[in-house]
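The next block is model-v5.tsv, given as TSV, C-alpha atoms.
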chain	number	residue	atom	x	y	z
A	1418	MET	CA	0.00	0.00	0.00
A	1419	SER	CA	1.35	3.44	-0.91
A	1420	GLN	CA	2.07	6.15	1.63
A	1421	GLU	CA	-0.63	8.31	0.08
A	1422	GLN	CA	-3.16	5.48	0.45
A	1423	VAL	CA	-2.22	4.92	4.08
A	1424	TYR	CA	-2.83	8.57	4.89
A	1425	SER	CA	-6.01	8.69	2.84
A	1426	ASP	CA	-7.43	5.58	4.52
A	1427	ALA	CA	-6.69	7.16	7.89
A	1428	GLY	CA	-8.72	10.21	6.92
A	1429	PHE	CA	-5.88	12.70	6.59
A	1430	GLY	CA	-5.23	15.24	3.86
A	1431	GLN	CA	-8.72	16.71	3.59
A	1432	PRO	CA	-9.02	20.26	2.18
A	1433	VAL	CA	-9.06	23.19	4.60
A	1434	PRO	CA	-12.07	25.52	4.44
A	1435	ARG	CA	-11.16	29.06	3.41
A	1436	GLY	CA	-12.95	31.79	5.27
A	1437	LEU	CA	-13.60	35.43	4.45
A	1438	LYS	CA	-11.22	37.14	6.91
A	1439	PRO	CA	-7.59	36.11	6.33
A	1440	ALA	CA	-4.42	37.30	7.98
A	1441	ILE	CA	-0.81	36.66	7.06
A	1442	VAL	CA	1.63	35.67	9.80
A	1443	VAL	CA	5.27	36.01	8.75
A	1444	VAL	CA	7.38	33.88	11.07
A	1445	ASP	CA	10.93	34.90	11.98
A	1446	PHE	CA	12.20	36.49	8.78
A	1447	SER	CA	14.65	38.36	11.03
A	1448	TYR	CA	18.28	38.99	10.18
A	1449	GLY	CA	19.39	36.18	12.47
A	1450	PHE	CA	17.68	33.79	10.07
A	1451	THR	CA	18.05	35.63	6.75
A	1452	ASP	CA	21.52	37.27	6.79
A	1453	THR	CA	24.11	34.59	6.07
A	1454	GLN	CA	26.84	36.43	7.97
A	1455	TYR	CA	25.24	34.79	11.01
A	1456	PRO	CA	25.64	31.01	11.56
A	1457	THR	CA	21.95	30.68	12.44
A	1458	ALA	CA	20.90	32.00	9.00
A	1459	ALA	CA	20.41	30.70	5.46
A	1460	ASP	CA	19.68	32.32	2.10
A	1461	MET	CA	15.95	33.02	2.23
A	1462	SER	CA	15.79	35.83	-0.32
A	1463	ALA	CA	13.47	34.04	-2.75
A	1464	GLN	CA	11.03	33.07	-0.01
A	1465	MET	CA	11.04	36.59	1.41
A	1466	ALA	CA	10.31	38.02	-2.04
A	1467	ALA	CA	7.40	35.63	-2.53
A	1468	THR	CA	6.08	36.49	0.92
A	1469	ARG	CA	6.38	40.21	0.24
A	1470	GLY	CA	4.13	39.81	-2.79
A	1471	LEU	CA	1.44	38.47	-0.49
A	1472	THR	CA	1.94	40.91	2.38
A	1473	ASP	CA	1.89	43.92	0.06
A	1474	LYS	CA	-1.34	42.67	-1.47
A	1475	ALA	CA	-2.97	41.81	1.87
A	1476	ARG	CA	-2.02	45.15	3.39
A	1477	GLY	CA	-3.48	46.96	0.37
A	1478	LEU	CA	-6.72	45.04	0.86
A	1479	GLY	CA	-6.92	45.95	4.54
A	1480	MET	CA	-6.04	42.47	5.77
A	1481	PRO	CA	-3.82	42.00	8.86
A	1482	VAL	CA	-0.13	41.32	8.34
A	1483	ILE	CA	1.72	40.23	11.48
A	1484	TYR	CA	5.43	39.48	11.89
A	1485	THR	CA	7.18	37.45	14.57
A	1486	THR	CA	10.71	37.40	15.90
A	1487	ILE	CA	12.54	35.41	18.56
A	1488	ALA	CA	14.31	37.62	21.10
A	1489	TYR	CA	15.84	36.66	24.44
A	1490	GLN	CA	16.94	38.62	27.46
A	1491	PRO	CA	20.44	37.67	28.69
A	1492	TRP	CA	19.12	35.92	31.80
A	1493	GLU	CA	16.96	33.59	29.70
A	1494	ARG	CA	19.94	32.03	27.97
A	1495	ALA	CA	20.94	30.10	31.07
A	1496	SER	CA	17.46	28.96	32.05
A	1497	LEU	CA	15.45	27.96	28.96
A	1498	PRO	CA	15.67	24.25	28.03
A	1499	TRP	CA	15.30	24.96	24.29
A	1500	LEU	CA	18.52	26.96	24.35
A	1501	LYS	CA	20.36	23.98	25.75
A	1502	LYS	CA	19.24	21.89	22.76
A	1503	ALA	CA	19.44	24.64	20.10
A	1504	THR	CA	22.36	26.64	21.45
A	1505	GLY	CA	22.64	28.81	18.33
A	1506	MET	CA	19.33	30.44	19.19
A	1507	ALA	CA	20.95	32.01	22.26
A	1508	ALA	CA	22.54	34.59	19.94
A	1509	LEU	CA	19.10	36.12	19.30
A	1510	LEU	CA	19.37	38.76	22.00
A	1511	ALA	CA	16.77	41.48	22.41
A	1512	GLY	CA	18.05	44.76	21.00
A	1513	SER	CA	20.50	43.15	18.59
A	1514	ARG	CA	20.31	43.33	14.80
A	1515	LEU	CA	19.69	39.58	14.64
A	1516	VAL	CA	16.16	39.96	15.99
A	1517	GLU	CA	15.13	42.83	13.70
A	1518	ILE	CA	12.75	41.93	10.85
A	1519	ASP	CA	14.64	41.92	7.55
A	1520	ALA	CA	13.77	45.08	5.60
A	1521	ALA	CA	13.55	42.96	2.44
A	1522	THR	CA	10.23	41.62	3.75
A	1523	GLY	CA	8.67	45.01	3.15
A	1524	ILE	CA	7.56	45.37	6.75
A	1525	GLN	CA	5.74	48.64	7.41
A	1526	PRO	CA	5.78	50.81	10.55
A	1527	GLY	CA	2.18	49.91	11.39
A	1528	ASP	CA	2.65	46.14	11.18
A	1529	PRO	CA	2.54	44.33	14.54
A	1530	VAL	CA	5.66	42.40	15.57
A	1531	ILE	CA	5.09	39.56	18.01
A	1532	VAL	CA	8.15	38.80	20.16
A	1533	LYS	CA	8.30	35.12	21.08
A	1534	HIS	CA	10.59	33.02	23.23
A	1535	GLY	CA	9.92	29.63	21.68
A	1536	ALA	CA	9.08	28.00	18.37
A	1537	SER	CA	5.35	28.76	18.16
A	1538	ALA	CA	4.14	32.28	17.49
A	1539	PHE	CA	1.14	31.50	19.73
A	1540	HIS	CA	2.90	30.12	22.82
A	1541	GLY	CA	3.12	32.77	25.52
A	1542	THR	CA	2.05	35.60	23.20
A	1543	ASN	CA	-1.13	37.55	22.44
A	1544	LEU	CA	-1.28	36.44	18.80
A	1545	ALA	CA	-4.50	34.42	19.16
A	1546	GLY	CA	-6.23	37.39	20.81
A	1547	LEU	CA	-4.95	39.75	18.15
A	1548	LEU	CA	-6.29	37.55	15.36
A	1549	THR	CA	-9.60	36.89	17.09
A	1550	GLY	CA	-10.09	40.58	17.79
A	1551	ALA	CA	-9.63	41.30	14.09
A	1552	GLY	CA	-12.26	38.68	13.21
A	1553	VAL	CA	-9.73	36.49	11.41
A	1554	ASP	CA	-10.88	33.00	10.42
A	1555	THR	CA	-8.03	31.84	8.17
A	1556	VAL	CA	-4.30	32.26	8.79
A	1557	VAL	CA	-1.68	32.16	6.04
A	1558	VAL	CA	1.63	31.15	7.63
A	1559	THR	CA	4.94	31.96	5.92
A	1560	GLY	CA	8.51	32.34	7.12
A	1561	ALA	CA	11.29	30.36	8.74
A	1562	THR	CA	12.05	27.70	9.42
A	1563	THR	CA	9.62	25.28	7.84
A	1564	SER	CA	10.57	22.42	10.14
A	1565	GLY	CA	10.77	24.56	13.26
A	1566	CYS	CA	8.91	27.75	14.00
A	1567	VAL	CA	6.63	27.61	10.95
A	1568	ARG	CA	5.46	24.12	11.80
A	1569	ALA	CA	4.98	24.93	15.49
A	1570	THR	CA	2.98	28.03	14.58
A	1571	VAL	CA	0.82	26.07	12.14
A	1572	VAL	CA	0.02	23.40	14.73
A	1573	ASP	CA	-0.89	25.99	17.36
A	1574	ALA	CA	-2.94	28.00	14.86
A	1575	VAL	CA	-5.13	24.96	14.21
A	1576	GLN	CA	-5.37	24.26	17.93
A	1577	SER	CA	-6.43	27.90	18.43
A	1578	GLY	CA	-9.37	27.45	16.05
A	1579	PHE	CA	-8.06	28.90	12.79
A	1580	ASN	CA	-8.03	27.40	9.33
A	1581	VAL	CA	-4.45	27.42	8.05
A	1582	LEU	CA	-2.84	27.79	4.63
A	1583	VAL	CA	0.89	27.42	3.97
A	1584	PRO	CA	2.39	28.65	0.69
A	1585	ARG	CA	5.42	26.41	0.19
A	1586	ASP	CA	7.39	28.99	-1.80
A	1587	CYS	CA	7.07	31.44	1.09
A	1588	CYS	CA	8.68	29.09	3.64
A	1589	ALA	CA	12.41	28.54	4.08
A	1590	ASP	CA	14.63	26.10	5.92
A	1591	ARG	CA	18.31	25.33	6.30
A	1592	ALA	CA	18.04	22.02	4.45
A	1593	GLN	CA	15.70	20.64	1.81
A	1594	ALA	CA	14.86	17.29	3.41
A	1595	PRO	CA	13.29	18.67	6.62
A	1596	HIS	CA	11.60	21.39	4.57
A	1597	GLU	CA	9.86	18.86	2.32
A	1598	ALA	CA	9.08	16.37	5.08
A	1599	ASN	CA	7.39	18.99	7.23
A	1600	LEU	CA	5.42	20.46	4.34
A	1601	TYR	CA	4.13	16.96	3.60
A	1602	ASP	CA	3.15	16.33	7.21
A	1603	MET	CA	1.49	19.72	7.66
A	1604	ASN	CA	-0.50	19.15	4.46
A	1605	GLN	CA	-1.74	15.84	5.77
A	1606	LYS	CA	-2.69	16.94	9.28
A	1607	TYR	CA	-2.89	20.67	9.89
A	1608	ALA	CA	-3.00	22.92	6.82
A	1609	ASP	CA	-3.39	23.15	3.08
A	1610	VAL	CA	0.07	23.49	1.59
A	1611	THR	CA	-0.24	25.56	-1.56
A	1612	ASP	CA	1.76	28.35	-3.22
A	1613	ALA	CA	1.93	32.14	-3.37
A	1614	ALA	CA	0.08	32.39	-6.69
A	1615	ASP	CA	-2.89	30.47	-5.29
A	1616	ILE	CA	-2.98	32.58	-2.13
A	1617	ALA	CA	-2.76	35.81	-4.15
A	1618	ALA	CA	-5.66	34.79	-6.36
A	1619	TRP	CA	-7.72	33.89	-3.30
A	1620	LEU	CA	-6.97	37.24	-1.63
A	1621	ASP	CA	-8.03	39.04	-4.80
A	1622	SER	CA	-11.28	37.09	-4.84
A	1623	LEU	CA	-12.11	38.46	-1.38
A	1624	ALA	CA	-11.50	42.07	-2.31

Output the structure of this file as structure tokens.
Amino acid sequence: MSQEQVYSDAGFGQPVPRGLKPAIVVVDFSYGFTDTQYPTAADMSAQMAATRGLTDKARGLGMPVIYTTIAYQPWERASLPWLKKATGMAALLAGSRLVEIDAATGIQPGDPVIVKHGASAFHGTNLAGLLTGAGVDTVVVTGATTSGCVRATVVDAVQSGFNVLVPRDCCADRAQAPHEANLYDMNQKYADVTDAADIAAWLDSLA
């Protein structure tokens, strides 16, 4: 039996309903992830450009665009278990350039920036309340990394009651294998994995 059949027989991979009030959440396109002078980063220029096409469109249509960044205070570096496993993340200190959103994303002064201390953009933040207050029913998740903070955000978005779409060409990772594996798994269990062109056409249809 094929892998696809196994998942289908188990009832996975069904299409996600698309609502009428979308928001775009751009996960961790900060310089610590996008500027390759830093060891925590990778070349994400193509994915940022694809994401910017969607955020510029959404913003022009009056739809929320929200960015996230990971930023730690010095005292957290010695106490958080994640930083013992992923020691490179300890470089993401509050106030440093590494935690600033990359200007290539096209971020605007009025765009909210959620500061998080773990993988998920929802854990320990007010993101769910921000989305709910704006009447959002469908969240488009982009950013970095696909296998880490994007995936964690997607899982928590579903658990917070939102329909989730993931444009694959707007998500970046440090290696192709985890990128593809996590896109596959998210598409089976948590989100519709699609692309920027499809999301753009859908946003236009809501205008």

- prompt: Which residue out of A:Leu1497, A:Thr1504, A:Gly1479, A:Asp1609 has the minimum interatomic distance to Asp1528 in chain A when only C-alpha atoms are used?
  reply: A:Gly1479

message: One number please: CA of Tyr1448 in chain A to CA of Arg1514 in chain A, in Å, one decimal.
response: 6.7 Å

query: Which polymer residues have any atom within 8 Å of an atom of range 1586-1600 of chain A, counting only C-alpha atoms, with same-chain residues fewer than 4 positions away left out, as a ChimeraX atom specification?
result: /A:1458-1459,1461,1463-1468,1559-1564,1567-1568,1604,1610,1612-1613

- request: May I have the protein, DNA and RNA residues with any atom at most 10 Å from the point (16.4, 44.3, 18.4), counting only C-alpha atoms, written as a PyMOL selection string?
  value: chain A and resi 1447-1448+1486-1489+1509-1518

query: Interatomic distance between CA of Gly1428 in chain A and CA of Gly1565 in chain A?
result: 25.0 Å

message: So the first atom is CA of Val1572 in chain A and the second is CA of Asp1621 in chain A; what is the distance between them in Å, to one decimal place?
response: 26.3 Å

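Using only C-alpha atoms, the smallest distance between any of A:Leu1471, A:Lys1438, A:Asp1615, A:Val1530 and Leu1544 in chain A comes from A:Val1530.
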
- request: Write out as a list in words each polymer residue whose atoms come within 6 Å of Phe1429 in chain A, counting all atoms listed in the file; drop sequence neighbours fewer than 5 positions from it.
  value: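 These residues fall inside the cut-off: Tyr1424, Gln1605 and Lys1606 of chain A.
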
Those same residues - C-alpha atoms - I'd like them written as a PDB file, in the coordinates of the input.
ATOM      1  CA  TYR A1424      -2.830   8.570   4.890  1.00  0.00           C
ATOM      2  CA  GLN A1605      -1.740  15.840   5.770  1.00  0.00           C
ATOM      3  CA  LYS A1606      -2.690  16.940   9.280  1.00  0.00           C
TER       4      LYS A1606
END

field: Among the residues A:Thr1457, A:Thr1549, A:Thr1472, A:Gln1525, the one that comes closest to Gly1505 in chain A [using all atoms listed in the file]
entry: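 Counting all atoms listed in the file, the residue closest to Gly1505 in chain A is A:Thr1457.
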
Reconstruct all heavy atoms of range 1432-1443 of chain A from the incomplete input and present them as a tab-separated table (two decimals), in the frame of the given file.
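rebuild_19.tsv, written as the output of this step:
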chain	number	residue	atom	x	y	z
A	1432	PRO	N	-9.23	18.83	2.45
A	1432	PRO	CA	-9.02	20.26	2.18
A	1432	PRO	C	-9.47	21.14	3.35
A	1432	PRO	O	-10.43	20.83	4.05
A	1432	PRO	CB	-9.86	20.52	0.94
A	1432	PRO	CG	-10.90	19.44	0.94
A	1432	PRO	CD	-10.24	18.24	1.54
A	1433	VAL	N	-8.75	22.23	3.54
A	1433	VAL	CA	-9.06	23.19	4.60
A	1433	VAL	C	-10.08	24.20	4.08
A	1433	VAL	O	-9.91	24.76	3.00
A	1433	VAL	CB	-7.76	23.92	5.03
A	1433	VAL	CG1	-8.08	25.12	5.92
A	1433	VAL	CG2	-6.83	22.95	5.74
A	1434	PRO	N	-11.14	24.46	4.84
A	1434	PRO	CA	-12.07	25.52	4.44
A	1434	PRO	C	-11.37	26.88	4.43
A	1434	PRO	O	-10.53	27.16	5.29
A	1434	PRO	CB	-13.16	25.48	5.52
A	1434	PRO	CG	-12.98	24.18	6.23
A	1434	PRO	CD	-11.54	23.82	6.10
A	1435	ARG	N	-11.72	27.71	3.47
A	1435	ARG	CA	-11.16	29.06	3.41
A	1435	ARG	C	-12.25	30.05	3.79
A	1435	ARG	O	-13.32	30.06	3.19
A	1435	ARG	CB	-10.62	29.36	2.02
A	1435	ARG	CG	-9.48	28.43	1.63
A	1435	ARG	CD	-8.79	28.87	0.35
A	1435	ARG	NE	-7.75	27.95	-0.02
A	1435	ARG	CZ	-6.84	28.16	-0.97
A	1435	ARG	NH1	-6.87	29.30	-1.66
A	1435	ARG	NH2	-5.90	27.27	-1.23
A	1436	GLY	N	-11.95	30.84	4.79
A	1436	GLY	CA	-12.95	31.79	5.27
A	1436	GLY	C	-12.95	33.08	4.47
A	1436	GLY	O	-12.49	33.14	3.33
A	1437	LEU	N	-13.46	34.13	5.10
A	1437	LEU	CA	-13.60	35.43	4.45
A	1437	LEU	C	-12.70	36.50	5.07
A	1437	LEU	O	-12.64	37.62	4.56
A	1437	LEU	CB	-15.06	35.88	4.54
A	1437	LEU	CG	-16.08	34.97	3.86
A	1437	LEU	CD1	-17.49	35.49	4.14
A	1437	LEU	CD2	-15.82	34.87	2.37
A	1438	LYS	N	-12.03	36.16	6.18
A	1438	LYS	CA	-11.22	37.14	6.91
A	1438	LYS	C	-9.82	36.58	7.16
A	1438	LYS	O	-9.52	36.08	8.24
A	1438	LYS	CB	-11.89	37.51	8.23
A	1438	LYS	CG	-13.20	38.25	8.08
A	1438	LYS	CD	-12.98	39.72	7.78
A	1438	LYS	CE	-12.44	40.43	9.00
A	1438	LYS	NZ	-12.28	41.90	8.76
A	1439	PRO	N	-8.94	36.66	6.16
A	1439	PRO	CA	-7.59	36.11	6.33
A	1439	PRO	C	-6.62	37.09	6.98
A	1439	PRO	O	-6.83	38.31	6.98
A	1439	PRO	CB	-7.15	35.81	4.90
A	1439	PRO	CG	-7.87	36.84	4.08
A	1439	PRO	CD	-9.19	37.09	4.78
A	1440	ALA	N	-5.57	36.54	7.53
A	1440	ALA	CA	-4.42	37.30	7.98
A	1440	ALA	C	-3.17	36.56	7.55
A	1440	ALA	O	-3.19	35.33	7.37
A	1440	ALA	CB	-4.42	37.48	9.50
A	1441	ILE	N	-2.08	37.28	7.39
A	1441	ILE	CA	-0.81	36.66	7.06
A	1441	ILE	C	0.11	36.80	8.27
A	1441	ILE	O	0.31	37.90	8.79
A	1441	ILE	CB	-0.18	37.29	5.82
A	1441	ILE	CG1	-1.09	37.08	4.61
A	1441	ILE	CG2	1.21	36.67	5.55
A	1441	ILE	CD1	-0.58	37.65	3.32
A	1442	VAL	N	0.66	35.69	8.70
A	1442	VAL	CA	1.63	35.67	9.80
A	1442	VAL	C	2.99	35.29	9.21
A	1442	VAL	O	3.15	34.20	8.65
A	1442	VAL	CB	1.22	34.69	10.91
A	1442	VAL	CG1	2.31	34.59	11.97
A	1442	VAL	CG2	-0.10	35.12	11.54
A	1443	VAL	N	3.92	36.20	9.31
A	1443	VAL	CA	5.27	36.01	8.75
A	1443	VAL	C	6.20	35.65	9.91
A	1443	VAL	O	6.50	36.49	10.76
A	1443	VAL	CB	5.75	37.28	8.03
A	1443	VAL	CG1	7.13	37.04	7.41
A	1443	VAL	CG2	4.74	37.72	6.97
